[in-house]
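Q: Dropping in protein29.cif, with mmCIF, C-alpha atoms.
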```
data_work
loop_
_atom_site.label_atom_id
_atom_site.label_comp_id
_atom_site.auth_asym_id
_atom_site.auth_seq_id
_atom_site.Cartn_x
_atom_site.Cartn_y
_atom_site.Cartn_z
CA MET B 1 2.27 20.11 -17.16
CA ALA B 2 3.51 18.71 -13.84
CA PHE B 3 1.46 16.06 -12.07
CA LEU B 4 -0.15 17.42 -8.91
CA GLN B 5 0.03 14.93 -6.04
CA ARG B 6 -1.71 16.67 -3.19
CA LEU B 7 -5.49 16.46 -2.99
CA GLY B 8 -7.36 19.68 -2.31
CA PRO B 9 -9.63 20.69 0.59
CA GLU B 10 -12.75 19.84 -1.38
CA PHE B 11 -11.65 16.19 -1.41
CA TYR B 12 -11.31 16.04 2.37
CA ASP B 13 -14.62 17.85 2.79
CA LYS B 14 -16.20 15.07 0.75
CA VAL B 15 -14.46 12.30 2.71
CA GLN B 16 -15.49 13.78 6.06
CA ARG B 17 -19.05 14.33 4.85
CA ASP B 18 -19.31 10.68 3.82
CA ILE B 19 -17.87 9.50 7.13
CA ARG B 20 -20.40 11.62 9.01
CA ALA B 21 -23.21 9.95 7.08
CA ARG B 22 -21.91 6.56 8.20
CA MET B 23 -21.54 7.81 11.76
CA ALA B 24 -25.15 8.96 11.80
CA ALA B 25 -26.32 5.62 10.44
CA ASP B 26 -24.35 3.73 13.12
CA GLY B 27 -25.25 6.06 16.00
CA ILE B 28 -21.70 7.28 16.57
CA ASP B 29 -21.41 10.77 18.04
CA MET B 30 -17.63 11.12 17.75
CA LEU B 31 -15.13 9.11 15.74
CA LEU B 32 -11.50 9.08 16.85
CA LEU B 33 -8.93 7.91 14.28
CA ASP B 34 -5.34 7.57 15.48
CA ALA B 35 -3.82 5.34 12.78
CA ALA B 36 -1.43 7.32 10.56
CA ASP B 37 -3.07 5.95 7.39
CA ASP B 38 -6.54 6.99 8.57
CA VAL B 39 -5.32 10.49 9.50
CA LEU B 40 -3.74 10.85 6.06
CA TYR B 41 -6.91 9.59 4.36
CA THR B 42 -9.21 11.96 6.23
CA THR B 43 -7.08 15.12 6.58
CA GLY B 44 -4.15 14.92 4.16
CA PHE B 45 -1.65 15.15 7.02
CA ALA B 46 1.32 12.81 6.52
CA PHE B 47 3.56 12.27 9.53
CA ARG B 48 5.92 9.82 11.21
CA PRO B 49 3.95 7.98 13.91
CA ASN B 50 5.54 7.61 17.32
CA GLU B 51 4.47 7.56 20.95
CA ARG B 52 2.92 11.02 20.76
CA PRO B 53 -0.79 10.68 19.84
CA ILE B 54 -1.97 12.23 16.61
CA ALA B 55 -5.65 11.71 15.93
CA LEU B 56 -8.65 13.07 14.07
CA ALA B 57 -11.73 13.58 16.24
CA LEU B 58 -14.76 13.92 14.00
CA THR B 59 -18.21 14.95 15.24
CA ALA B 60 -21.35 15.92 13.36
CA GLN B 61 -20.22 19.55 13.31
CA SER B 62 -16.45 19.62 13.90
CA ALA B 63 -13.14 18.10 12.83
CA PHE B 64 -10.28 18.37 15.33
CA LEU B 65 -6.73 17.21 14.71
CA LEU B 66 -4.99 16.38 17.98
CA ILE B 67 -1.26 17.01 17.55
CA PRO B 68 1.79 17.65 19.73
CA GLU B 69 3.42 21.08 19.67
CA LEU B 70 6.36 19.83 17.63
CA GLU B 71 3.96 18.91 14.75
CA ARG B 72 1.93 22.14 14.78
CA ASP B 73 3.83 23.97 12.05
CA TYR B 74 4.24 20.82 9.98
CA ALA B 75 0.48 20.19 10.00
CA LEU B 76 -0.17 23.81 9.03
CA SER B 77 2.32 23.53 6.16
CA GLN B 78 0.29 20.61 4.76
CA ASN B 79 -3.05 22.40 5.14
CA ALA B 80 -4.41 19.55 7.23
CA ALA B 81 -8.19 19.48 6.84
CA ALA B 82 -9.12 19.90 10.52
CA ASP B 83 -8.79 22.44 13.30
CA SER B 84 -5.61 21.91 15.30
CA VAL B 85 -5.86 20.98 18.96
CA VAL B 86 -2.33 21.19 20.33
CA TYR B 87 -0.85 19.59 23.45
CA PHE B 88 2.71 20.19 24.56
CA GLU B 89 4.23 16.76 25.13
CA PHE B 90 3.65 13.11 25.89
CA PRO B 91 2.81 11.74 28.40
CA GLY B 92 2.25 15.34 29.46
CA VAL B 93 1.36 17.23 32.59
CA ASP B 94 -1.70 18.25 30.61
CA ARG B 95 -2.45 14.91 28.96
CA PRO B 96 -3.30 14.81 25.23
CA PHE B 97 -6.81 13.38 25.54
CA ASP B 98 -7.63 15.90 28.30
CA VAL B 99 -6.66 18.70 25.89
CA LEU B 100 -8.88 17.14 23.23
CA ALA B 101 -11.81 16.79 25.63
CA ARG B 102 -11.76 20.52 26.35
CA ALA B 103 -12.12 21.17 22.60
CA THR B 104 -14.88 18.64 21.97
CA GLY B 105 -16.76 19.14 25.21
CA PRO B 106 -18.32 16.16 27.00
CA ILE B 107 -19.60 13.30 24.86
CA ARG B 108 -22.56 11.44 26.35
CA GLY B 109 -23.34 9.22 23.42
CA THR B 110 -21.07 6.79 21.54
CA ILE B 111 -17.43 7.29 20.64
CA GLY B 112 -16.03 5.04 17.92
CA HIS B 113 -12.38 4.32 17.26
CA GLY B 114 -10.51 2.26 14.70
CA PHE B 115 -9.76 -1.42 15.27
CA GLY B 116 -6.03 -0.65 15.41
CA MET B 117 -6.16 1.56 18.49
CA SER B 118 -4.04 0.13 21.32
CA VAL B 119 -5.75 -1.25 24.41
CA GLY B 120 -3.92 1.30 26.54
CA ARG B 121 -5.04 4.23 24.43
CA ALA B 122 -8.63 2.96 24.29
CA THR B 123 -8.61 2.67 28.10
CA GLU B 124 -7.38 6.25 28.41
CA LEU B 125 -10.05 7.40 25.96
CA ALA B 126 -12.75 5.78 28.11
CA ALA B 127 -11.37 7.46 31.23
CA THR B 128 -11.36 10.84 29.51
CA TYR B 129 -14.97 10.51 28.35
CA PRO B 130 -16.60 8.62 31.25
CA GLN B 131 -20.15 9.37 30.11
CA ALA B 132 -19.61 7.90 26.64
CA ARG B 133 -19.85 4.37 25.36
CA ILE B 134 -16.58 3.42 23.60
CA VAL B 135 -16.79 1.03 20.64
CA ALA B 136 -14.41 -0.19 17.96
CA THR B 137 -15.53 0.30 14.37
CA GLY B 138 -14.16 -0.58 10.94
CA MET B 139 -16.28 1.96 9.07
CA VAL B 140 -13.32 3.92 7.70
CA SER B 141 -11.38 0.79 6.75
CA THR B 142 -14.42 -0.36 4.80
CA MET B 143 -14.89 3.06 3.24
CA ARG B 144 -11.26 3.12 2.13
CA GLN B 145 -11.81 0.01 0.02
CA ILE B 146 -13.72 1.89 -2.69
CA LYS B 147 -11.67 4.70 -4.17
CA TYR B 148 -12.86 8.14 -5.14
CA SER B 149 -11.99 9.17 -8.70
CA GLU B 150 -9.31 11.50 -7.32
CA GLU B 151 -7.63 8.51 -5.68
CA VAL B 152 -7.77 6.37 -8.82
CA ARG B 153 -5.81 9.08 -10.63
CA LEU B 154 -3.08 8.79 -7.99
CA HIS B 155 -3.05 4.98 -8.16
CA ARG B 156 -2.61 5.15 -11.95
CA GLU B 157 0.40 7.41 -11.63
CA ALA B 158 1.90 5.26 -8.89
CA ALA B 159 1.46 2.24 -11.17
CA ARG B 160 3.23 4.02 -14.02
CA ILE B 161 6.18 4.83 -11.77
CA SER B 162 6.21 1.30 -10.34
CA ASP B 163 6.55 -0.10 -13.86
CA ALA B 164 9.33 2.41 -14.51
CA MET B 165 11.11 1.21 -11.38
CA VAL B 166 11.07 -2.35 -12.74
CA ALA B 167 12.37 -1.12 -16.11
CA SER B 168 15.19 0.83 -14.47
CA GLY B 169 16.24 -2.25 -12.51
CA VAL B 170 16.25 -4.35 -15.68
CA ASP B 171 18.36 -1.71 -17.45
CA LEU B 172 20.95 -1.71 -14.67
CA VAL B 173 21.25 -5.50 -14.68
CA THR B 174 21.34 -5.96 -18.47
CA GLN B 175 23.90 -3.19 -19.01
CA ALA B 176 26.25 -4.79 -16.51
CA PHE B 177 25.63 -8.27 -17.93
CA ARG B 178 26.24 -7.26 -21.55
CA THR B 179 29.39 -5.27 -20.82
CA GLY B 180 30.94 -7.84 -18.50
CA LYS B 181 30.88 -5.52 -15.50
CA PRO B 182 30.13 -6.81 -11.99
CA LEU B 183 26.44 -7.51 -11.62
CA PRO B 184 24.65 -5.40 -9.00
CA SER B 185 23.85 -6.71 -5.56
CA GLU B 186 20.31 -6.83 -4.28
CA ILE B 187 20.99 -3.79 -2.10
CA GLU B 188 22.50 -1.85 -5.00
CA LEU B 189 19.49 -2.69 -7.15
CA GLU B 190 17.13 -1.50 -4.43
CA ARG B 191 19.00 1.79 -4.06
CA HIS B 192 18.94 2.30 -7.83
CA VAL B 193 15.20 1.70 -8.36
CA VAL B 194 14.18 3.81 -5.36
CA ARG B 195 16.35 6.67 -6.59
CA HIS B 196 14.74 6.35 -10.01
CA ALA B 197 11.24 6.67 -8.53
CA LEU B 198 12.18 9.66 -6.40
CA ASP B 199 13.84 11.37 -9.38
CA MET B 200 10.69 10.87 -11.46
CA MET B 201 8.57 12.49 -8.76
CA ALA B 202 11.02 15.35 -8.28
CA ASN B 203 11.18 16.08 -12.02
CA GLU B 204 7.59 15.39 -13.07
CA HIS B 205 5.40 16.17 -10.04
CA GLU B 206 4.34 19.20 -8.04
CA ASP B 207 3.70 19.31 -4.31
CA VAL B 208 5.05 15.81 -3.64
CA LEU B 209 3.40 14.30 -0.59
CA HIS B 210 6.35 13.02 1.43
CA LEU B 211 5.75 9.83 3.39
CA ALA B 212 7.91 7.61 5.53
CA THR B 213 8.00 5.19 2.57
CA LEU B 214 7.63 6.76 -0.87
CA ALA B 215 9.16 3.89 -2.84
CA GLY B 216 10.70 0.51 -2.20
CA GLY B 217 10.17 -3.19 -2.57
CA LEU B 218 11.64 -6.67 -2.45
CA ILE B 219 14.61 -7.77 -4.56
CA ASN B 220 15.90 -11.32 -4.27
CA GLY B 221 18.00 -13.44 -6.60
CA GLY B 222 18.79 -17.10 -7.16
CA VAL B 223 17.55 -19.74 -4.76
CA LYS B 224 16.95 -16.96 -2.19
CA SER B 225 14.03 -15.76 -4.30
CA ALA B 226 12.16 -18.82 -3.02
CA PHE B 227 11.63 -16.85 0.22
CA PRO B 228 8.48 -14.80 -0.47
CA HIS B 229 9.62 -11.93 1.79
CA GLY B 230 13.40 -12.36 1.89
CA ILE B 231 15.40 -9.31 2.98
CA GLU B 232 17.84 -7.80 0.49
CA SER B 233 21.52 -8.66 0.94
CA ALA B 234 24.91 -7.69 -0.46
CA ARG B 235 24.90 -10.83 -2.60
CA ARG B 236 25.37 -10.05 -6.28
CA LEU B 237 23.16 -11.48 -8.98
CA GLU B 238 24.67 -14.27 -11.01
CA PRO B 239 24.26 -15.35 -14.65
CA ASN B 240 21.73 -18.06 -15.52
CA GLU B 241 19.64 -17.57 -12.38
CA ILE B 242 16.30 -15.95 -11.70
CA PHE B 243 15.63 -12.82 -9.69
CA ILE B 244 12.47 -11.05 -8.58
CA LEU B 245 11.86 -7.31 -8.71
CA SER B 246 8.84 -6.56 -6.50
CA LEU B 247 8.61 -2.77 -6.56
CA GLY B 248 6.13 -0.07 -5.70
CA CYS B 249 5.60 3.52 -4.66
CA ARG B 250 3.00 5.88 -3.25
CA VAL B 251 1.85 8.97 -5.12
CA GLY B 252 -0.21 11.42 -3.13
CA GLY B 253 -0.31 8.75 -0.45
CA ARG B 254 -1.85 6.12 -2.78
CA ALA B 255 0.02 2.89 -3.44
CA SER B 256 0.67 0.68 -6.44
CA GLU B 257 3.11 -2.16 -7.04
CA SER B 258 4.58 -3.91 -10.06
CA GLU B 259 6.45 -7.20 -9.85
CA ARG B 260 8.14 -9.49 -12.32
CA THR B 261 10.41 -12.52 -12.22
CA PHE B 262 13.40 -12.46 -14.59
CA VAL B 263 15.91 -14.98 -15.89
CA LEU B 264 19.40 -13.55 -16.37
CA GLY B 265 21.11 -15.38 -19.21
CA GLU B 266 20.19 -18.88 -20.27
CA PRO B 267 16.93 -20.17 -18.79
CA SER B 268 16.62 -23.77 -17.72
CA ARG B 269 13.66 -26.02 -18.53
CA GLU B 270 12.62 -25.69 -14.87
CA HIS B 271 12.68 -21.90 -15.12
CA GLU B 272 10.33 -21.89 -18.09
CA THR B 273 7.99 -24.56 -16.71
CA TYR B 274 7.47 -22.93 -13.32
CA TYR B 275 7.26 -19.44 -14.78
CA ARG B 276 4.54 -20.35 -17.28
CA ILE B 277 2.46 -22.03 -14.58
CA ALA B 278 2.86 -19.02 -12.26
CA GLN B 279 1.95 -16.68 -15.13
CA GLU B 280 -1.25 -18.58 -15.88
CA GLY B 281 -2.17 -18.65 -12.18
CA GLN B 282 -1.75 -14.90 -12.03
CA ARG B 283 -3.83 -14.43 -15.18
CA ILE B 284 -6.65 -16.42 -13.59
CA GLY B 285 -6.35 -14.45 -10.35
CA THR B 286 -6.59 -11.14 -12.20
CA ALA B 287 -9.51 -12.34 -14.31
CA GLY B 288 -11.38 -13.18 -11.10
CA LEU B 289 -11.36 -9.60 -9.83
CA ILE B 290 -14.86 -8.93 -11.13
CA ALA B 291 -17.39 -6.56 -9.60
CA GLY B 292 -20.14 -8.62 -7.99
CA GLN B 293 -17.91 -11.64 -7.34
CA THR B 294 -16.10 -12.23 -4.04
CA CYS B 295 -12.46 -11.90 -3.09
CA ALA B 296 -12.64 -15.57 -2.11
CA SER B 297 -13.74 -16.66 -5.58
CA ALA B 298 -10.73 -15.02 -7.26
CA ASP B 299 -8.33 -16.65 -4.81
CA ILE B 300 -9.95 -20.07 -5.08
CA ALA B 301 -9.90 -20.06 -8.90
CA ALA B 302 -6.21 -19.19 -9.15
CA LEU B 303 -5.02 -21.48 -6.37
CA ASN B 304 -7.14 -24.38 -7.61
CA TYR B 305 -5.32 -24.08 -10.93
CA LEU B 306 -1.92 -24.11 -9.24
CA HIS B 307 -2.84 -27.08 -7.06
CA GLY B 308 -4.22 -28.91 -10.11
CA ALA B 309 -0.93 -28.35 -11.90
CA GLY B 310 0.86 -30.23 -9.13
CA MET B 311 2.28 -27.12 -7.49
CA THR B 312 0.83 -27.60 -3.99
CA PRO B 313 4.25 -27.84 -2.23
CA TYR B 314 5.25 -24.51 -3.76
CA VAL B 315 2.10 -22.45 -3.06
CA LYS B 316 2.60 -20.36 0.09
CA HIS B 317 0.10 -17.50 0.01
CA ARG B 318 -3.12 -15.94 -1.26
CA VAL B 319 -3.71 -14.23 -4.60
CA GLY B 320 -3.52 -10.69 -3.27
CA HIS B 321 -4.70 -7.82 -1.11
CA GLY B 322 -6.27 -4.42 -1.32
CA MET B 323 -4.19 -1.29 -1.83
CA GLY B 324 -4.95 2.30 -1.00
CA VAL B 325 -3.26 4.62 1.45
CA ALA B 326 -1.31 1.54 2.55
CA PHE B 327 0.42 -1.02 0.35
CA HIS B 328 -1.49 -3.77 2.18
CA GLU B 329 -5.04 -3.13 3.36
CA SER B 330 -8.46 -4.75 3.12
CA PRO B 331 -10.06 -6.40 1.29
CA TRP B 332 -7.95 -9.56 1.19
CA VAL B 333 -8.04 -11.61 -2.01
CA GLU B 334 -8.09 -14.86 -0.08
CA ALA B 335 -10.47 -17.78 0.35
CA GLY B 336 -11.49 -16.62 3.82
CA ASP B 337 -12.61 -13.14 2.72
CA GLN B 338 -16.16 -13.09 1.39
CA THR B 339 -16.07 -9.35 0.61
CA VAL B 340 -17.97 -8.65 -2.59
CA LEU B 341 -15.74 -6.88 -5.08
CA GLN B 342 -17.03 -3.47 -6.16
CA ALA B 343 -16.05 -1.01 -8.85
CA GLY B 344 -13.42 1.34 -7.47
CA MET B 345 -11.53 -1.24 -5.44
CA VAL B 346 -7.80 -1.56 -6.10
CA CYS B 347 -6.21 -4.94 -5.43
CA SER B 348 -2.98 -6.76 -6.15
CA SER B 349 -2.93 -10.00 -8.12
CA GLU B 350 0.18 -11.96 -7.20
CA PRO B 351 -0.07 -15.71 -6.66
CA GLY B 352 3.37 -17.27 -6.76
CA LEU B 353 5.42 -20.45 -6.69
CA TYR B 354 8.43 -20.93 -4.42
CA VAL B 355 10.60 -23.88 -5.36
CA PRO B 356 13.46 -24.74 -2.96
CA GLY B 357 16.79 -24.97 -4.75
CA VAL B 358 15.40 -23.26 -7.86
CA GLY B 359 13.81 -19.96 -6.81
CA GLY B 360 10.61 -17.98 -6.69
CA PHE B 361 8.23 -17.28 -9.56
CA ARG B 362 5.84 -14.41 -8.96
CA LEU B 363 4.17 -11.69 -11.01
CA ALA B 364 2.17 -8.92 -9.39
CA ASP B 365 -0.05 -6.27 -10.88
CA THR B 366 -2.09 -3.46 -9.41
CA VAL B 367 -5.65 -4.06 -10.60
CA LEU B 368 -8.61 -1.66 -10.61
CA VAL B 369 -12.01 -3.33 -10.33
CA THR B 370 -14.43 -1.71 -12.78
CA GLN B 371 -17.98 -2.39 -13.92
CA ASP B 372 -16.50 -3.68 -17.19
CA GLY B 373 -14.02 -6.06 -15.56
CA PRO B 374 -10.54 -5.92 -14.05
CA GLU B 375 -8.15 -3.28 -15.40
CA SER B 376 -4.47 -3.83 -14.76
CA LEU B 377 -2.85 -0.49 -13.98
CA THR B 378 0.66 -1.97 -14.19
CA LEU B 379 1.63 -2.96 -17.69
CA TYR B 380 5.24 -4.16 -17.65
CA PRO B 381 5.62 -7.08 -20.12
CA ARG B 382 5.07 -10.55 -18.68
CA ASP B 383 5.58 -13.06 -21.53
CA PHE B 384 8.40 -15.50 -20.95
CA ASP B 385 10.52 -14.17 -23.82
CA ALA B 386 10.25 -10.66 -22.37
CA ILE B 387 11.54 -11.65 -18.94
CA VAL B 388 14.61 -13.52 -20.23
CA LEU B 389 17.44 -11.00 -20.09
CA GLY B 390 20.65 -11.32 -22.02
#
```
Spit out the file's structure as structure tokens when you get a sec.

A:
Amino acid sequence: MAFLQRLGPEFYDKVQRDIRARMAADGIDMLLLDAADDVLYTTGFAFRPNERPIALALTAQSAFLLIPELERDYALSQNAAADSVVYFEFPGVDRPFDVLARATGPIRGTIGHGFGMSVGRATELAATYPQARIVATGMVSTMRQIKYSEEVRLHREAARISDAMVASGVDLVTQAFRTGKPLPSEIELERHVVRHALDMMANEHEDVLHLATLAGGLINGGVKSAFPHGIESARRLEPNEIFILSLGCRVGGRASESERTFVLGEPSREHETYYRIAQEGQRIGTAGLIAGQTCASADIAALNYLHGAGMTPYVKHRVGHGMGVAFHESPWVEAGDQTVLQAGMVCSSEPGLYVPGVGGFRLADTVLVTQDGPESLTLYPRDFDAIVLG
């Protein structure tokens, strides 16, 4: 049976009901969400954001999706869970927020909007609703941290495909290495693993939710892998060096990522030493993702180990971040985030070491926080013998 990506109307009814409960508790009469991820989360409408406003306006009784004319049919084709309010163009003779205001009627109480709304758009919102108090709120960002069971199902499938992307990259490299053919470049590897993910969805899924980024990642080899976020190049991998495959995808708009460091050929003593330390740091980071503990505590435990192992010059970032509709979203698994971990959160665990002249050593897993402890959704092998390719 094919895997169904798209969530049904009953899911969005539940999401909007739960948001309304938070609105009532916070005294918000209308909530306006204009971030693409928030619109996807609350209505199921996936689109390419640009200068034309697209926003969900949620009141106690109504859900309006403000869209330009050129998106009307596309929103209908996705069964967006809100009534369409259509304006013609931006900036518009009939301006978008004026069109919305005619649908909602005057608001004399409090209008909330997401923290990411631009200053210019917030100013226009205030001018459109002069009798309302305009406030920024993170209620939906906070709500997104704890996944519904329907979302966990999507994260699990995205994790499975992310692991398969890593495996397909390994297969491409090892086949070339063993047959003496030219090794792939970073760009060629990226193209290959993305195509593999898209083929899996096309062949195994129904009603694929198309997003601006369905699959992708970071691929860096040799000493360049010591840049945590280096951009792929036409440089080909070389024998006896390390390379990182940091890969992920979104299924039904829910993200997962799988990442491993590999040695191609004969590993050096440095390769093994740094890898084993990075592996243990990641194990500690994952083990710290416990319901009832804080994001900070998981980060501190893992990074304290790395610092204690003498790795301070090579530690450049936190343990991880939340994942949901976006690859990176709150909470942040970092010493400055005191968010209490709760069952249903999905976080990455990916502390790393970046050694100039040698390379980067990083493992990443997508981890579900449960009442019984952390559950890694990505399962690609991580032992040193398994990541030495030859």

Q: Grab the atom CA of B:Glu329 to atom CA of B:Gln342 distance for me, in Å with one decimal place.

A: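 The value is 15.3 Å.
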
Q: I'd like the neighbourhood of B:Gly352 as a CSV table (one decimal) with C-alpha atoms, in the coordinates of the input, where a residue qualifies if any of its atoms comes within 7 Å (using all atoms listed in the file), though same-chain residues fewer than 3 positions away should be ignored.

A:
```csv
chain,number,residue,atom,x,y,z
B,278,ALA,CA,2.9,-19.0,-12.3
B,315,VAL,CA,2.1,-22.4,-3.1
B,361,PHE,CA,8.2,-17.3,-9.6
B,362,ARG,CA,5.8,-14.4,-9.0
```

Q: Expanded to explicit residues, what is the PyMOL selection byres ((chain B and resi 332) around 10) for this file, as a ChimeraX atom specification?

A: /B:295-296,299,318-323,328-331,333-339,347-348

Q: Set out as a tab-separated table a contact list for stretch 100-203 of chain B and stretch 10-16 of chain B with a cut-off of 12 Å, giving each residue of stretch 100-203 of chain B that qualifies its closest atom pair and distance in Å to one decimal, counting all atoms listed in the file, ordered by chain and rising residue number.

A:
```
residue	atom	partner	partner_atom	distance
B:Val140	CA	B:Val15	CA	9.8
B:Met143	CA	B:Val15	CA	9.3
B:Arg144	CA	B:Val15	CA	9.7
B:Ile146	CA	B:Val15	CA	11.8
B:Lys147	CA	B:Val15	CA	10.6
B:Tyr148	CA	B:Phe11	CA	9.0
B:Ser149	CA	B:Phe11	CA	10.1
B:Glu150	CA	B:Phe11	CA	7.9
B:Glu151	CA	B:Phe11	CA	9.7
```

Q: If you measure from atom CA of B:Arg260 to atom CA of B:Ala302, what distance in Å do you get, rounded to one decimal?

A: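 Computing it gives 17.6 Å between the two atoms.
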
Q: Which residues fall under the PyMOL selection byres ((chain B and resi 86) around 7) in this file, as a PDB file with C-alpha atoms, in the frame of the given file?

A:
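Output contents, as saved in selection_26.pdb:
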```pdb
ATOM      1  CA  LEU B  66      -4.990  16.380  17.980  1.00  0.00           C
ATOM      2  CA  ILE B  67      -1.260  17.010  17.550  1.00  0.00           C
ATOM      3  CA  PRO B  68       1.790  17.650  19.730  1.00  0.00           C
ATOM      4  CA  GLU B  69       3.420  21.080  19.670  1.00  0.00           C
ATOM      5  CA  SER B  84      -5.610  21.910  15.300  1.00  0.00           C
ATOM      6  CA  VAL B  85      -5.860  20.980  18.960  1.00  0.00           C
ATOM      7  CA  TYR B  87      -0.850  19.590  23.450  1.00  0.00           C
ATOM      8  CA  PHE B  88       2.710  20.190  24.560  1.00  0.00           C
TER       9      PHE B  88
END
```

Q: Identify all residues satisfying the PyMOL selection byres ((chain B and resi 252) around 6) in the given file; provide them as a list in words.

A: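 So the PyMOL selection byres ((chain B and resi 252) around 6) ends up selecting Gln5, Arg6, Leu209, Val251, Gly253 and Arg254 of chain B.
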
Q: Have a look at B:Ile107, B:Leu214, B:Ile242, B:Ala176 and name the one nearest to B:Ile387; count only C-alpha atoms.

A: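 Of the candidates, the smallest distance to B:Ile387 is held by B:Ile242.
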
Q: At a cut-off of 9 Å, using all atoms listed in the file, what residues contact B:Thr59? Leave out same-chain residues fewer than 6 positions from it and give the result as a PyMOL selection string.

A: chain B and resi 20+23+28-31+104

Q: Given 3 Å of margin on each side, can you work out the centre and size in Å (one decimal) of an axis-aligned box holding every listed atom of stretch 20-31 of chain B, as lines of an AutoDock Vina configuration file?

A:
```
center_x = -20.7
center_y = 7.7
center_z = 12.6
size_x = 17.2
size_y = 13.9
size_z = 17.0
```

Q: Which distance in Å separates atom CA of B:Arg283 and atom CA of B:Gly221, to one decimal?

A: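 Result for atom CA of B:Arg283 versus atom CA of B:Gly221: 23.5 Å, one decimal.
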
Q: Between B:Met165, B:Leu4, B:Ala55, B:Phe47, single out the one closest to B:Ser77, counting only C-alpha atoms.

A: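 Of B:Met165, B:Leu4, B:Ala55, B:Phe47, the one nearest B:Ser77, counting only C-alpha atoms, is B:Phe47.
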
Q: At most 10 Å from (6.2, -19.1, -17.1), file frame, all atoms listed in the file: which residues, as JSON, numbers by chain?

A: {"B": [261, 270, 271, 272, 273, 274, 275, 276, 277, 278, 279, 280, 281, 361, 362, 363, 382, 383, 384, 385, 387]}

Q: In file coordinates, which residues lie within 10 Å of (-1.5, 4.1, -11.5) using all atoms listed in the file, given as a ChimeraX atom specification?

A: /B:151-163,249-251,254-257,366-368,376-379

Q: Next, dump the selected residues to file, keeping only C-alpha atoms, as a JSON list (two decimals), in the frame of the given file.

A:
```json
[["chain", "number", "residue", "atom", "x", "y", "z"],
["B", 151, "GLU", "CA", -7.63, 8.51, -5.68],
["B", 152, "VAL", "CA", -7.77, 6.37, -8.82],
["B", 153, "ARG", "CA", -5.81, 9.08, -10.63],
["B", 154, "LEU", "CA", -3.08, 8.79, -7.99],
["B", 155, "HIS", "CA", -3.05, 4.98, -8.16],
["B", 156, "ARG", "CA", -2.61, 5.15, -11.95],
["B", 157, "GLU", "CA", 0.40, 7.41, -11.63],
["B", 158, "ALA", "CA", 1.90, 5.26, -8.89],
["B", 159, "ALA", "CA", 1.46, 2.24, -11.17],
["B", 160, "ARG", "CA", 3.23, 4.02, -14.02],
["B", 161, "ILE", "CA", 6.18, 4.83, -11.77],
["B", 162, "SER", "CA", 6.21, 1.30, -10.34],
["B", 163, "ASP", "CA", 6.55, -0.10, -13.86],
["B", 249, "CYS", "CA", 5.60, 3.52, -4.66],
["B", 250, "ARG", "CA", 3.00, 5.88, -3.25],
["B", 251, "VAL", "CA", 1.85, 8.97, -5.12],
["B", 254, "ARG", "CA", -1.85, 6.12, -2.78],
["B", 255, "ALA", "CA", 0.02, 2.89, -3.44],
["B", 256, "SER", "CA", 0.67, 0.68, -6.44],
["B", 257, "GLU", "CA", 3.11, -2.16, -7.04],
["B", 366, "THR", "CA", -2.09, -3.46, -9.41],
["B", 367, "VAL", "CA", -5.65, -4.06, -10.60],
["B", 368, "LEU", "CA", -8.61, -1.66, -10.61],
["B", 376, "SER", "CA", -4.47, -3.83, -14.76],
["B", 377, "LEU", "CA", -2.85, -0.49, -13.98],
["B", 378, "THR", "CA", 0.66, -1.97, -14.19],
["B", 379, "LEU", "CA", 1.63, -2.96, -17.69]]
```

Q: What's the 8 Å shell around B:Phe45, counting only C-alpha atoms, without same-chain residues fewer than 6 positions away, as a PDB file with C-alpha atoms, in the frame of the given file?

A:
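Written output follows (result_29.pdb):
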```pdb
ATOM      1  CA  VAL B  39      -5.320  10.490   9.500  1.00  0.00           C
ATOM      2  CA  ALA B  75       0.480  20.190  10.000  1.00  0.00           C
ATOM      3  CA  GLN B  78       0.290  20.610   4.760  1.00  0.00           C
ATOM      4  CA  ASN B  79      -3.050  22.400   5.140  1.00  0.00           C
ATOM      5  CA  ALA B  80      -4.410  19.550   7.230  1.00  0.00           C
ATOM      6  CA  ALA B  81      -8.190  19.480   6.840  1.00  0.00           C
TER       7      ALA B  81
END
```

Q: Let me make sure I understand: among B:Ile134, B:Leu303, B:Ala287, B:Val358, which one has the smallest atom-to-atom distance to B:Lys224 if we use only C-alpha atoms?

A: B:Val358

Q: Skipping near chain neighbours, those fewer than 3 positions away, what residues fall within 12 Å of B:Lys316 using only C-alpha atoms, listed as a count of residues only?

A: 21
